[in-house]
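Colleague: The following file, work.cif, comprises mmCIF, C-alpha atoms and all ligand atoms:
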data_target
#
loop_
_atom_site.label_atom_id
_atom_site.label_comp_id
_atom_site.auth_asym_id
_atom_site.auth_seq_id
_atom_site.Cartn_x
_atom_site.Cartn_y
_atom_site.Cartn_z
CA MET A 1 66.10 -99.08 -167.07
CA PRO A 2 66.45 -101.56 -164.18
CA THR A 3 69.80 -103.28 -164.04
CA ILE A 4 72.09 -105.44 -161.93
CA LYS A 5 75.70 -105.02 -160.98
CA VAL A 6 77.84 -108.10 -160.40
CA ASP A 7 80.81 -107.79 -158.08
CA GLU A 8 83.43 -109.85 -159.92
CA THR A 9 85.60 -110.13 -156.85
CA ARG A 10 82.76 -111.94 -155.02
CA CYS A 11 81.11 -113.96 -157.82
CA LYS A 12 82.18 -117.61 -157.89
CA GLY A 13 80.47 -118.44 -161.17
CA CYS A 14 77.95 -120.89 -159.69
CA GLU A 15 75.34 -119.96 -162.35
CA LEU A 16 72.41 -120.03 -159.90
CA CYS A 17 71.47 -116.44 -160.82
CA ALA A 18 71.45 -117.22 -164.55
CA ALA A 19 69.02 -120.08 -163.90
CA ALA A 20 66.85 -118.01 -161.55
CA CYS A 21 66.37 -115.11 -163.96
CA ALA A 22 62.94 -115.57 -165.54
CA ARG A 23 63.85 -113.26 -168.41
CA LYS A 24 67.22 -114.84 -169.17
CA CYS A 25 69.18 -111.64 -168.67
CA ILE A 26 72.21 -113.28 -167.13
CA THR A 27 74.96 -115.25 -168.81
CA MET A 28 78.41 -116.34 -167.69
CA SER A 29 81.50 -114.47 -168.81
CA THR A 30 83.86 -116.28 -171.15
CA THR A 31 86.89 -114.76 -169.49
CA PHE A 32 88.25 -115.45 -166.03
CA SER A 33 87.84 -113.01 -163.19
CA ALA A 34 90.84 -112.15 -161.02
CA THR A 35 89.68 -114.84 -158.57
CA GLY A 36 89.65 -117.50 -161.30
CA TYR A 37 85.94 -117.90 -161.97
CA TYR A 38 83.73 -117.15 -164.97
CA PRO A 39 81.57 -114.47 -163.35
CA ALA A 40 77.95 -113.66 -164.17
CA VAL A 41 77.26 -110.78 -166.54
CA CYS A 42 74.02 -109.06 -167.41
CA CYS A 43 73.68 -109.79 -171.14
CA ALA A 44 70.31 -108.18 -171.74
CA PRO A 45 69.84 -105.10 -169.57
CA ASP A 46 66.86 -104.12 -171.73
CA ARG A 47 64.96 -107.20 -170.50
CA CYS A 48 65.78 -106.81 -166.79
CA THR A 49 62.77 -105.84 -164.66
CA GLY A 50 64.74 -105.42 -161.45
CA CYS A 51 62.78 -108.25 -159.80
CA GLY A 52 65.76 -109.32 -157.67
CA LEU A 53 65.40 -113.09 -158.06
CA CYS A 54 69.11 -113.27 -158.89
CA TYR A 55 69.88 -111.49 -155.62
CA GLN A 56 67.74 -114.02 -153.72
CA VAL A 57 69.68 -117.06 -154.94
CA CYS A 58 73.21 -115.62 -154.95
CA PRO A 59 75.12 -117.31 -152.11
CA ASP A 60 77.86 -114.69 -152.20
CA LEU A 61 75.80 -111.50 -152.24
CA ALA A 62 77.67 -110.57 -155.40
CA ILE A 63 74.64 -109.00 -157.10
CA THR A 64 73.14 -105.57 -156.48
CA VAL A 65 69.86 -104.68 -158.18
CA PHE A 66 69.01 -101.15 -159.32
CA LYS A 67 65.76 -99.64 -160.49
CA GLU A 68 64.84 -96.37 -162.09
CA GLU A 69 63.84 -93.73 -159.56
CA LYS A 70 60.15 -92.83 -159.82
CA LYS A 71 59.71 -89.24 -160.89
CA MET B 1 69.29 -95.13 -159.97
CA LEU B 2 67.62 -96.57 -156.93
CA GLN B 3 69.43 -99.45 -155.24
CA VAL B 4 66.73 -102.04 -154.43
CA THR B 5 68.85 -104.71 -152.78
CA LYS B 6 71.25 -104.08 -149.96
CA ARG B 7 73.64 -106.28 -148.04
CA PRO B 8 72.20 -106.61 -144.51
CA GLU B 9 74.06 -104.73 -141.83
CA SER B 10 74.16 -107.93 -139.77
CA LEU B 11 76.41 -109.56 -142.39
CA LEU B 12 79.95 -108.20 -142.47
CA ASP B 13 81.13 -106.97 -145.85
CA VAL B 14 83.68 -109.73 -146.38
CA LYS B 15 84.03 -112.52 -148.90
CA MET B 16 82.72 -115.87 -147.65
CA HIS B 17 84.85 -119.00 -147.97
CA TYR B 18 82.06 -121.36 -149.09
CA CYS B 19 82.32 -123.34 -152.33
CA PRO B 20 80.58 -121.98 -155.44
CA GLY B 21 76.81 -122.48 -155.18
CA CYS B 22 76.88 -123.69 -151.55
CA GLY B 23 73.62 -123.05 -149.68
CA HIS B 24 75.34 -121.71 -146.56
CA GLY B 25 75.77 -118.24 -148.12
CA VAL B 26 72.05 -117.74 -148.69
CA ALA B 27 71.23 -119.15 -145.25
CA HIS B 28 73.65 -116.63 -143.69
CA ARG B 29 71.96 -113.77 -145.50
CA LEU B 30 68.52 -114.86 -144.31
CA VAL B 31 69.63 -114.94 -140.68
CA ALA B 32 71.29 -111.54 -141.07
CA GLU B 33 68.22 -110.01 -142.71
CA ALA B 34 66.02 -111.31 -139.90
CA MET B 35 68.34 -109.65 -137.37
CA ASP B 36 68.21 -106.38 -139.33
CA GLU B 37 64.46 -106.39 -139.77
CA LEU B 38 63.76 -107.19 -136.12
CA GLY B 39 66.35 -104.65 -134.98
CA ILE B 40 68.03 -107.14 -132.67
CA ARG B 41 71.59 -107.20 -134.00
CA GLU B 42 73.07 -105.36 -131.02
CA ARG B 43 71.70 -107.91 -128.55
CA THR B 44 72.05 -111.10 -130.56
CA VAL B 45 74.59 -113.78 -129.72
CA GLY B 46 75.16 -116.55 -132.27
CA VAL B 47 76.82 -119.91 -131.84
CA ALA B 48 78.91 -121.08 -134.80
CA PRO B 49 79.10 -124.86 -135.37
CA VAL B 50 81.81 -127.28 -136.34
CA GLY B 51 81.39 -127.93 -140.03
CA CYS B 52 81.74 -125.68 -143.05
CA ALA B 53 80.07 -122.83 -141.16
CA VAL B 54 82.78 -122.92 -138.51
CA PHE B 55 83.84 -119.43 -139.59
CA ALA B 56 80.31 -118.01 -139.27
CA ASP B 57 81.74 -115.68 -136.62
CA HIS B 58 83.78 -114.02 -139.38
CA TYR B 59 80.57 -113.21 -141.23
CA PHE B 60 77.80 -112.34 -138.76
CA ASN B 61 78.02 -108.82 -137.45
CA CYS B 62 76.85 -109.74 -133.95
CA ASP B 63 78.48 -111.37 -130.95
CA MET B 64 79.47 -114.96 -131.74
CA ILE B 65 80.85 -117.94 -129.91
CA GLN B 66 82.35 -120.96 -131.65
CA GLY B 67 81.13 -124.16 -130.04
CA PRO B 68 82.51 -127.70 -130.01
CA HIS B 69 80.96 -130.15 -132.46
CA GLY B 70 77.23 -130.57 -131.82
CA ARG B 71 77.19 -128.58 -128.59
CA GLY B 72 75.57 -125.44 -130.01
CA PRO B 73 72.26 -125.83 -128.16
CA ALA B 74 74.05 -126.40 -124.85
CA ILE B 75 76.11 -123.24 -125.31
CA ALA B 76 73.06 -121.31 -126.47
CA THR B 77 71.23 -122.53 -123.35
CA GLY B 78 73.98 -121.15 -121.14
CA ILE B 79 74.03 -117.78 -122.90
CA LYS B 80 70.26 -117.40 -122.87
CA ARG B 81 69.87 -118.38 -119.24
CA SER B 82 72.61 -116.07 -118.03
CA ARG B 83 71.64 -113.21 -120.38
CA PRO B 84 67.89 -113.57 -120.95
CA GLY B 85 67.78 -110.18 -122.64
CA CYS B 86 69.94 -111.48 -125.48
CA VAL B 87 68.56 -113.11 -128.59
CA VAL B 88 70.45 -116.36 -129.02
CA PHE B 89 70.77 -118.56 -132.08
CA SER B 90 72.76 -121.65 -132.92
CA TYR B 91 73.67 -122.32 -136.55
CA GLN B 92 74.33 -126.00 -137.26
CA GLY B 93 74.80 -128.52 -140.05
CA ASP B 94 73.25 -131.98 -140.17
CA GLY B 95 76.44 -133.75 -139.10
CA ASP B 96 76.69 -131.36 -136.20
CA LEU B 97 73.05 -131.27 -135.10
CA ALA B 98 71.65 -134.69 -135.99
CA SER B 99 74.67 -136.86 -135.29
CA ILE B 100 77.11 -135.95 -132.52
CA GLY B 101 74.78 -133.20 -131.25
CA MET B 102 71.48 -135.08 -131.28
CA ALA B 103 71.29 -135.30 -127.47
CA GLU B 104 71.80 -131.54 -127.07
CA THR B 105 69.19 -130.88 -129.75
CA ILE B 106 66.50 -133.10 -128.24
CA HIS B 107 67.07 -132.03 -124.65
CA SER B 108 67.16 -128.32 -125.41
CA ALA B 109 63.83 -128.82 -127.18
CA ALA B 110 62.47 -130.86 -124.27
CA ARG B 111 63.50 -128.10 -121.86
CA SER B 112 61.96 -125.64 -124.31
CA GLU B 113 64.99 -123.41 -124.09
CA ASN B 114 64.04 -120.05 -125.49
CA ILE B 115 66.62 -120.23 -128.29
CA THR B 116 66.52 -120.42 -132.09
CA ILE B 117 68.30 -123.08 -134.08
CA ILE B 118 69.10 -122.69 -137.76
CA PHE B 119 69.64 -126.21 -139.05
CA ILE B 120 71.28 -126.65 -142.46
CA ASN B 121 70.39 -130.05 -143.89
CA ASN B 122 72.59 -130.75 -146.91
CA ALA B 123 72.45 -134.54 -146.46
CA ILE B 124 76.22 -134.88 -146.09
CA TYR B 125 79.26 -133.98 -143.99
CA GLY B 126 80.67 -131.08 -145.98
CA MET B 127 83.78 -129.91 -144.18
CA THR B 128 85.36 -133.30 -143.61
CA GLY B 129 84.97 -134.44 -147.20
CA GLY B 130 81.59 -136.00 -147.87
CA GLN B 131 81.02 -138.70 -145.27
CA MET B 132 77.52 -140.08 -144.73
CA ALA B 133 75.36 -137.93 -142.45
CA PRO B 134 72.31 -139.05 -140.46
CA THR B 135 70.32 -137.24 -143.16
CA THR B 136 71.99 -138.87 -146.17
CA LEU B 137 69.31 -140.38 -148.39
CA VAL B 138 68.91 -144.11 -148.97
CA GLY B 139 70.95 -144.85 -152.10
CA GLN B 140 72.90 -141.59 -151.92
CA LYS B 141 76.64 -142.01 -152.33
CA ALA B 142 79.05 -140.72 -149.70
CA THR B 143 82.71 -141.49 -149.02
CA THR B 144 81.70 -143.81 -146.16
CA CYS B 145 79.00 -145.53 -148.24
CA PRO B 146 80.58 -145.41 -151.70
CA THR B 147 77.96 -147.60 -153.33
CA GLY B 148 75.09 -145.64 -151.83
CA ARG B 149 73.46 -145.68 -148.39
CA ASP B 150 72.18 -149.18 -147.75
CA PRO B 151 69.61 -149.30 -144.91
CA ARG B 152 70.67 -152.82 -143.97
CA VAL B 153 74.17 -151.58 -143.18
CA ASN B 154 73.79 -147.82 -142.69
CA GLY B 155 70.23 -147.49 -141.40
CA TYR B 156 67.72 -144.86 -142.44
CA PRO B 157 67.86 -141.06 -142.65
CA ILE B 158 66.52 -139.02 -139.71
CA ARG B 159 63.79 -136.44 -140.23
CA VAL B 160 64.66 -133.86 -137.61
CA CYS B 161 61.50 -131.70 -137.73
CA GLU B 162 59.23 -134.73 -137.49
CA LEU B 163 61.30 -136.09 -134.63
CA LEU B 164 61.19 -132.84 -132.66
CA ALA B 165 57.51 -132.23 -133.40
CA GLN B 166 56.50 -134.84 -130.83
CA ILE B 167 58.40 -132.97 -128.10
CA GLU B 168 56.13 -130.66 -126.15
CA GLY B 169 58.82 -128.08 -125.59
CA ALA B 170 59.37 -127.48 -129.32
CA LYS B 171 57.23 -124.43 -130.09
CA TYR B 172 58.14 -123.46 -133.63
CA LEU B 173 59.40 -125.92 -136.23
CA GLU B 174 59.50 -125.34 -139.95
CA ARG B 175 61.32 -127.00 -142.82
CA THR B 176 62.27 -124.78 -145.75
CA SER B 177 64.76 -124.92 -148.59
CA VAL B 178 67.01 -122.56 -150.53
CA HIS B 179 67.20 -124.29 -153.90
CA THR B 180 64.97 -121.81 -155.75
CA ALA B 181 64.29 -118.10 -155.34
CA ALA B 182 60.67 -118.75 -154.27
CA ASN B 183 61.83 -121.13 -151.57
CA VAL B 184 64.50 -118.67 -150.41
CA LEU B 185 61.75 -116.10 -149.84
CA LYS B 186 59.72 -118.61 -147.83
CA ALA B 187 62.79 -119.59 -145.81
CA LYS B 188 63.36 -115.94 -145.02
CA LYS B 189 59.90 -115.66 -143.48
CA ALA B 190 60.46 -118.83 -141.47
CA VAL B 191 63.76 -117.60 -140.01
CA LYS B 192 62.14 -114.35 -138.99
CA LYS B 193 59.20 -116.19 -137.41
CA ALA B 194 61.57 -118.38 -135.42
CA PHE B 195 63.32 -115.31 -134.00
CA GLN B 196 59.92 -113.79 -133.24
CA CYS B 197 58.98 -116.96 -131.36
CA GLN B 198 62.02 -116.35 -129.16
CA LEU B 199 61.27 -112.64 -128.76
CA GLU B 200 57.76 -113.53 -127.59
CA GLY B 201 59.30 -115.88 -125.04
CA ARG B 202 57.48 -118.89 -126.40
CA GLY B 203 60.42 -121.31 -126.16
CA PHE B 204 62.38 -123.56 -128.49
CA SER B 205 62.33 -122.76 -132.20
CA LEU B 206 64.11 -124.46 -135.08
CA VAL B 207 64.15 -123.81 -138.81
CA GLU B 208 65.48 -126.59 -140.98
CA ILE B 209 66.87 -125.35 -144.27
CA VAL B 210 67.25 -128.07 -146.90
CA SER B 211 70.42 -126.98 -148.65
CA THR B 212 73.07 -127.99 -151.16
CA CYS B 213 76.67 -129.09 -150.90
CA PRO B 214 77.60 -129.25 -154.60
CA THR B 215 81.19 -130.18 -153.79
CA ASN B 216 80.45 -133.32 -151.81
CA MET B 217 77.26 -134.25 -153.63
CA GLY B 218 79.55 -134.39 -156.66
CA LEU B 219 77.15 -132.21 -158.63
CA SER B 220 77.23 -128.81 -160.28
CA PRO B 221 75.43 -126.15 -158.22
CA LEU B 222 72.43 -126.31 -160.58
CA ASP B 223 72.29 -130.12 -160.48
CA ALA B 224 72.55 -129.97 -156.70
CA CYS B 225 69.41 -127.79 -156.68
CA LYS B 226 67.74 -130.36 -158.91
CA PHE B 227 68.81 -133.08 -156.47
CA VAL B 228 67.11 -131.15 -153.66
CA GLN B 229 63.91 -130.83 -155.66
CA GLU B 230 63.73 -134.39 -156.94
CA LYS B 231 65.39 -136.46 -154.23
CA MET B 232 65.56 -134.55 -150.97
CA LEU B 233 62.12 -132.95 -150.83
CA PRO B 234 60.21 -136.26 -151.09
CA GLN B 235 62.19 -137.44 -148.05
CA TYR B 236 62.10 -134.05 -146.31
CA PRO B 237 58.74 -132.43 -147.07
CA LEU B 238 58.61 -128.68 -146.52
CA GLY B 239 56.18 -126.99 -144.19
CA VAL B 240 55.40 -125.81 -140.69
CA PHE B 241 55.54 -128.69 -138.24
CA LYS B 242 54.70 -126.70 -135.16
CA ASP B 243 53.70 -123.16 -134.28
CA ILE B 244 52.46 -123.17 -130.72
CA GLU B 245 51.33 -120.03 -128.95
CA GLY B 246 52.34 -119.41 -125.37
CA GLY B 247 55.38 -120.81 -123.59
CA LYS B 248 56.89 -121.22 -120.22
CA HIS B 249 59.10 -118.16 -120.48
CA ASP B 250 58.57 -114.60 -119.43
CA ALA B 251 58.41 -112.54 -122.60
CA SER B 252 58.86 -109.29 -120.68
CA ARG B 253 62.51 -110.23 -120.16
CA ASN B 254 63.17 -110.52 -123.88
C1 LIG C 1 84.30 -133.83 -131.56
C2 LIG C 1 84.54 -133.79 -133.03
N1 LIG C 1 84.27 -134.90 -133.78
C3 LIG C 1 84.45 -134.88 -135.12
C4 LIG C 1 84.90 -133.75 -135.75
C5 LIG C 1 85.12 -133.77 -137.24
N2 LIG C 1 84.12 -133.02 -137.99
C6 LIG C 1 84.34 -131.75 -138.38
S1 LIG C 1 83.08 -131.13 -139.30
C7 LIG C 1 82.22 -132.57 -139.20
C8 LIG C 1 80.89 -132.75 -139.88
C9 LIG C 1 80.28 -131.52 -140.42
O1 LIG C 1 79.13 -131.80 -141.16
P1 LIG C 1 77.84 -130.90 -141.09
O2 LIG C 1 77.50 -130.60 -139.67
O3 LIG C 1 76.80 -131.57 -141.90
O4 LIG C 1 78.23 -129.50 -141.71
P2 LIG C 1 78.63 -129.08 -143.20
O5 LIG C 1 80.13 -129.15 -143.22
O6 LIG C 1 77.97 -130.03 -144.15
O7 LIG C 1 78.13 -127.70 -143.35
C10 LIG C 1 82.92 -133.52 -138.46
C11 LIG C 1 82.46 -134.90 -138.22
C12 LIG C 1 85.19 -132.62 -134.94
N3 LIG C 1 85.63 -131.48 -135.48
N4 LIG C 1 85.00 -132.68 -133.60
S1 LIG C 2 81.98 -128.49 -148.74
FE1 LIG C 2 79.78 -128.37 -149.15
S2 LIG C 2 78.85 -127.42 -147.31
FE2 LIG C 2 81.08 -127.02 -147.29
S3 LIG C 2 81.35 -125.01 -148.26
FE3 LIG C 2 81.62 -126.58 -149.84
S4 LIG C 2 79.60 -126.84 -150.78
FE4 LIG C 2 79.32 -125.79 -148.80
#
Mind converting the file's structure to C-alpha cells?
Ligand SMILES: Cc1ncc(C[n+]2csc(CCOP(=O)(O)OP(=O)(O)O)c2C)c(N)n1
Ligand code: SF4
Modeller:
Amino acid sequence: MPTIKVDETRCKGCELCAAACARKCITMSTTFSATGYYPAVCCAPDRCTGCGLCYQVCPDLAITVFKEEKK
Amino acid sequence: MLQVTKRPESLLDVKMHYCPGCGHGVAHRLVAEAMDELGIRERTVGVAPVGCAVFADHYFNCDMIQGPHGRGPAIATGIKRSRPGCVVFSYQGDGDLASIGMAETIHSAARSENITIIFINNAIYGMTGGQMAPTTLVGQKATTCPTGRDPRVNGYPIRVCELLAQIEGAKYLERTSVHTAANVLKAKKAVKKAFQCQLEGRGFSLVEIVSTCPTNMGLSPLDACKFVQEKMLPQYPLGVFKDIEGGKHDASRN
C-alpha cells in the first residue's frame, strides 16, 4: 500500500500537507515532537494513493512518499 | 517499497530556519530541483539576498555568494560576465528586489544580463518584522501602516512582472505561486524554464513566486494561503508575461 513517512525532526506542524491531501489521510499529532511542534501523521494509510501532493506543499521537505513496487 | 519522492541533491540535507508554513522552503526546493533536472549544480552560482533567505547559502548545494541588500542582480552580473560558463541566479524577496534593489533589477533587465532571478513576493518585509513592502496590498496591515496601506499616504503596490515586461531586455517573465500543490507544480516548470532561458543564452529571466509569510501576515499558514488566493492573486495575476526567443548572448558559451 502507498504510504508517507513524516520526519518529526523536520516537521513544523504547519498543516499545509493535511489541507493538500485530497483523501484526508493526514492529521496532526496531539503530542509534541522533540522540536515542540504537533507534527503531521498519516492517519489513514489505507486511503493514501501515493500522489505526493503533501510532498509538493511541505516547506520543510519533511515528507517522503512510498509506493508499492510493481511486480 | 519504492521511494517516489526524493530530496534534490542541490538542497543540502539540513533543517531550514524558516517559520512554519513559510513559502521560502518550497521555493528553495523548486530551484534545487531545477538545478538537479538540468544537471547544472556543479556550475551554478547563486546569490543569497538580505531578508529571511539570507541563509540560502546554508541550504543550496552549489556555490553561493551573500549579497548586500538589493544588490543581487549587480553581483550576479559580475559573476556571469566574468564566468560566462556558470549558471547564475539571484534569489530575492520583495523588500530586497522591489524596494532598495529596484534600480539593480530594472537595469540588469535593460542590459538583458543572462541571469535568472527568483523573486519571492510575500507582500511584506519578513525578516525585519513585518514592515510595509512595495508589494503590500492596499488595505493590508503592516507595522509601518498599522491601519492598513492607504494609497494617499503609502502609495500603491508595484507589479514587478508587468513593470519589467515593457523592458526589451527582459526575455522570460512569469508569475507563479506556491499556495496550493497545483500552483507549486506550475511554479516548478516556470523556474526550470527560466534557467533554460539562461542556458540558451537568451538573456534576462525572472520568475516571481507569490508566497506566504504567515508570521508577519499575522495568519495561520492555511489562512495565509487563503490570503494569497483571495487577496494577492487579484492584484498579482499569474501567468507568463514574456517568453522571447533569441537574445544578444552567445549560447555556445553557456
Ligand atoms: C542596506 C540595508 N538596508 C536595510 C536593511 C534591513 N533589512 C533587512 S531584511 C529587509 C527586508 C527584507 O524583506 P524581503 O526582501 O521582502 O524578504 P523576506 O524577509 O520577506 O523574505 C530589510 C529592510 C539591511 N539589512 N541593509
Ligand atoms: S518571517 Fe515570514 S518570510 Fe521570514 S521565515 Fe518567517 S514566515 Fe518566512
Colleague: Just want the 10 Å neighbourhood of A:Gln56, counted on all atoms listed in the file, with same-chain residues fewer than 2 positions away dropped. Output as a PyMOL selection string.
Modeller: (chain A and resi 16-17+20+51-54+58-59+61+63) or (chain B and resi 5+26+29-30+178+180-185+188)
Colleague: With all atoms listed in the file as the basis for distance, which of B:Ala194, B:Met35, B:Val45, B:Val210 is at the shortest distance from ligand LIG 1 (chain C)?
Modeller: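 Of all the options, B:Val210 lies closest to ligand LIG 1 (chain C).
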Colleague: Using all atoms listed in the file, which residues have at least one atom no more than 7 Å from ligand LIG 2 (chain C)? Output them as a short mmCIF file (atom, residue, chain, number, x, y, z; two decimals) with C-alpha atoms, keeping the file's coordinate frame.
Modeller:
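Wrote out_5.cif, looks like this:
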data_model
loop_
_atom_site.label_atom_id
_atom_site.label_comp_id
_atom_site.auth_asym_id
_atom_site.auth_seq_id
_atom_site.Cartn_x
_atom_site.Cartn_y
_atom_site.Cartn_z
CA HIS B 17 84.85 -119.00 -147.97
CA TYR B 18 82.06 -121.36 -149.09
CA CYS B 19 82.32 -123.34 -152.33
CA PRO B 20 80.58 -121.98 -155.44
CA GLY B 21 76.81 -122.48 -155.18
CA CYS B 22 76.88 -123.69 -151.55
CA GLY B 23 73.62 -123.05 -149.68
CA HIS B 24 75.34 -121.71 -146.56
CA CYS B 52 81.74 -125.68 -143.05
CA GLY B 126 80.67 -131.08 -145.98
CA MET B 127 83.78 -129.91 -144.18
CA GLY B 129 84.97 -134.44 -147.20
CA THR B 212 73.07 -127.99 -151.16
CA CYS B 213 76.67 -129.09 -150.90
CA PRO B 214 77.60 -129.25 -154.60
CA THR B 215 81.19 -130.18 -153.79
CA ASN B 216 80.45 -133.32 -151.81
#
Colleague: Please, what distance in Å, to one decimal, runs between atom CA of B:His107 and atom CA of B:His69?
Modeller: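 Atom CA of B:His107 sits 16.0 Å away from atom CA of B:His69.
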Colleague: Which is closer to A:Glu68 than all the others in A:Ile26, A:Cys48, A:Val6, A:Cys11, using all atoms listed in the file?
Modeller: A:Cys48
Colleague: Can you complete the atoms of stretch 196-213 of chain B to N, CA and C atoms and list them as a PDB file, in the frame of the given file?
Modeller:
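Final output, saved to part_32.pdb:
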ATOM      1  N   GLN B 196      61.063-114.405-133.913  1.00  0.00           N
ATOM      2  CA  GLN B 196      59.920-113.790-133.240  1.00  0.00           C
ATOM      3  C   GLN B 196      59.402-114.677-132.117  1.00  0.00           C
ATOM      4  N   CYS B 197      59.404-115.984-132.367  1.00  0.00           N
ATOM      5  CA  CYS B 197      58.980-116.960-131.360  1.00  0.00           C
ATOM      6  C   CYS B 197      59.819-116.768-130.091  1.00  0.00           C
ATOM      7  N   GLN B 198      61.129-116.580-130.310  1.00  0.00           N
ATOM      8  CA  GLN B 198      62.020-116.350-129.160  1.00  0.00           C
ATOM      9  C   GLN B 198      61.742-114.998-128.501  1.00  0.00           C
ATOM     10  N   LEU B 199      61.523-113.976-129.314  1.00  0.00           N
ATOM     11  CA  LEU B 199      61.270-112.640-128.760  1.00  0.00           C
ATOM     12  C   LEU B 199      59.983-112.620-127.939  1.00  0.00           C
ATOM     13  N   GLU B 200      59.023-113.458-128.333  1.00  0.00           N
ATOM     14  CA  GLU B 200      57.760-113.530-127.590  1.00  0.00           C
ATOM     15  C   GLU B 200      57.885-114.447-126.373  1.00  0.00           C
ATOM     16  N   GLY B 201      59.074-115.027-126.202  1.00  0.00           N
ATOM     17  CA  GLY B 201      59.300-115.880-125.040  1.00  0.00           C
ATOM     18  C   GLY B 201      58.565-117.205-125.096  1.00  0.00           C
ATOM     19  N   ARG B 202      58.290-117.681-126.290  1.00  0.00           N
ATOM     20  CA  ARG B 202      57.480-118.890-126.400  1.00  0.00           C
ATOM     21  C   ARG B 202      58.280-120.175-126.228  1.00  0.00           C
ATOM     22  N   GLY B 203      59.610-120.098-126.327  1.00  0.00           N
ATOM     23  CA  GLY B 203      60.420-121.310-126.160  1.00  0.00           C
ATOM     24  C   GLY B 203      61.086-121.759-127.449  1.00  0.00           C
ATOM     25  N   PHE B 204      61.522-122.986-127.448  1.00  0.00           N
ATOM     26  CA  PHE B 204      62.380-123.560-128.490  1.00  0.00           C
ATOM     27  C   PHE B 204      61.852-123.403-129.922  1.00  0.00           C
ATOM     28  N   SER B 205      62.688-122.857-130.781  1.00  0.00           N
ATOM     29  CA  SER B 205      62.330-122.760-132.200  1.00  0.00           C
ATOM     30  C   SER B 205      63.465-123.277-133.068  1.00  0.00           C
ATOM     31  N   LEU B 206      63.103-123.931-134.147  1.00  0.00           N
ATOM     32  CA  LEU B 206      64.110-124.460-135.080  1.00  0.00           C
ATOM     33  C   LEU B 206      63.600-124.337-136.510  1.00  0.00           C
ATOM     34  N   VAL B 207      64.463-123.840-137.382  1.00  0.00           N
ATOM     35  CA  VAL B 207      64.150-123.810-138.810  1.00  0.00           C
ATOM     36  C   VAL B 207      65.147-124.716-139.521  1.00  0.00           C
ATOM     37  N   GLU B 208      64.619-125.718-140.175  1.00  0.00           N
ATOM     38  CA  GLU B 208      65.480-126.590-140.980  1.00  0.00           C
ATOM     39  C   GLU B 208      65.530-126.011-142.386  1.00  0.00           C
ATOM     40  N   ILE B 209      66.727-125.857-142.906  1.00  0.00           N
ATOM     41  CA  ILE B 209      66.870-125.350-144.270  1.00  0.00           C
ATOM     42  C   ILE B 209      67.499-126.453-145.115  1.00  0.00           C
ATOM     43  N   VAL B 210      66.714-127.048-145.996  1.00  0.00           N
ATOM     44  CA  VAL B 210      67.250-128.070-146.900  1.00  0.00           C
ATOM     45  C   VAL B 210      68.148-127.333-147.897  1.00  0.00           C
ATOM     46  N   SER B 211      69.404-127.765-147.962  1.00  0.00           N
ATOM     47  CA  SER B 211      70.420-126.980-148.650  1.00  0.00           C
ATOM     48  C   SER B 211      71.261-127.855-149.577  1.00  0.00           C
ATOM     49  N   THR B 212      72.222-127.236-150.226  1.00  0.00           N
ATOM     50  CA  THR B 212      73.070-127.990-151.160  1.00  0.00           C
ATOM     51  C   THR B 212      74.526-127.960-150.728  1.00  0.00           C
ATOM     52  N   CYS B 213      75.215-129.032-151.039  1.00  0.00           N
ATOM     53  CA  CYS B 213      76.670-129.090-150.900  1.00  0.00           C
ATOM     54  C   CYS B 213      77.182-129.635-152.230  1.00  0.00           C
TER      55      CYS B 213
END
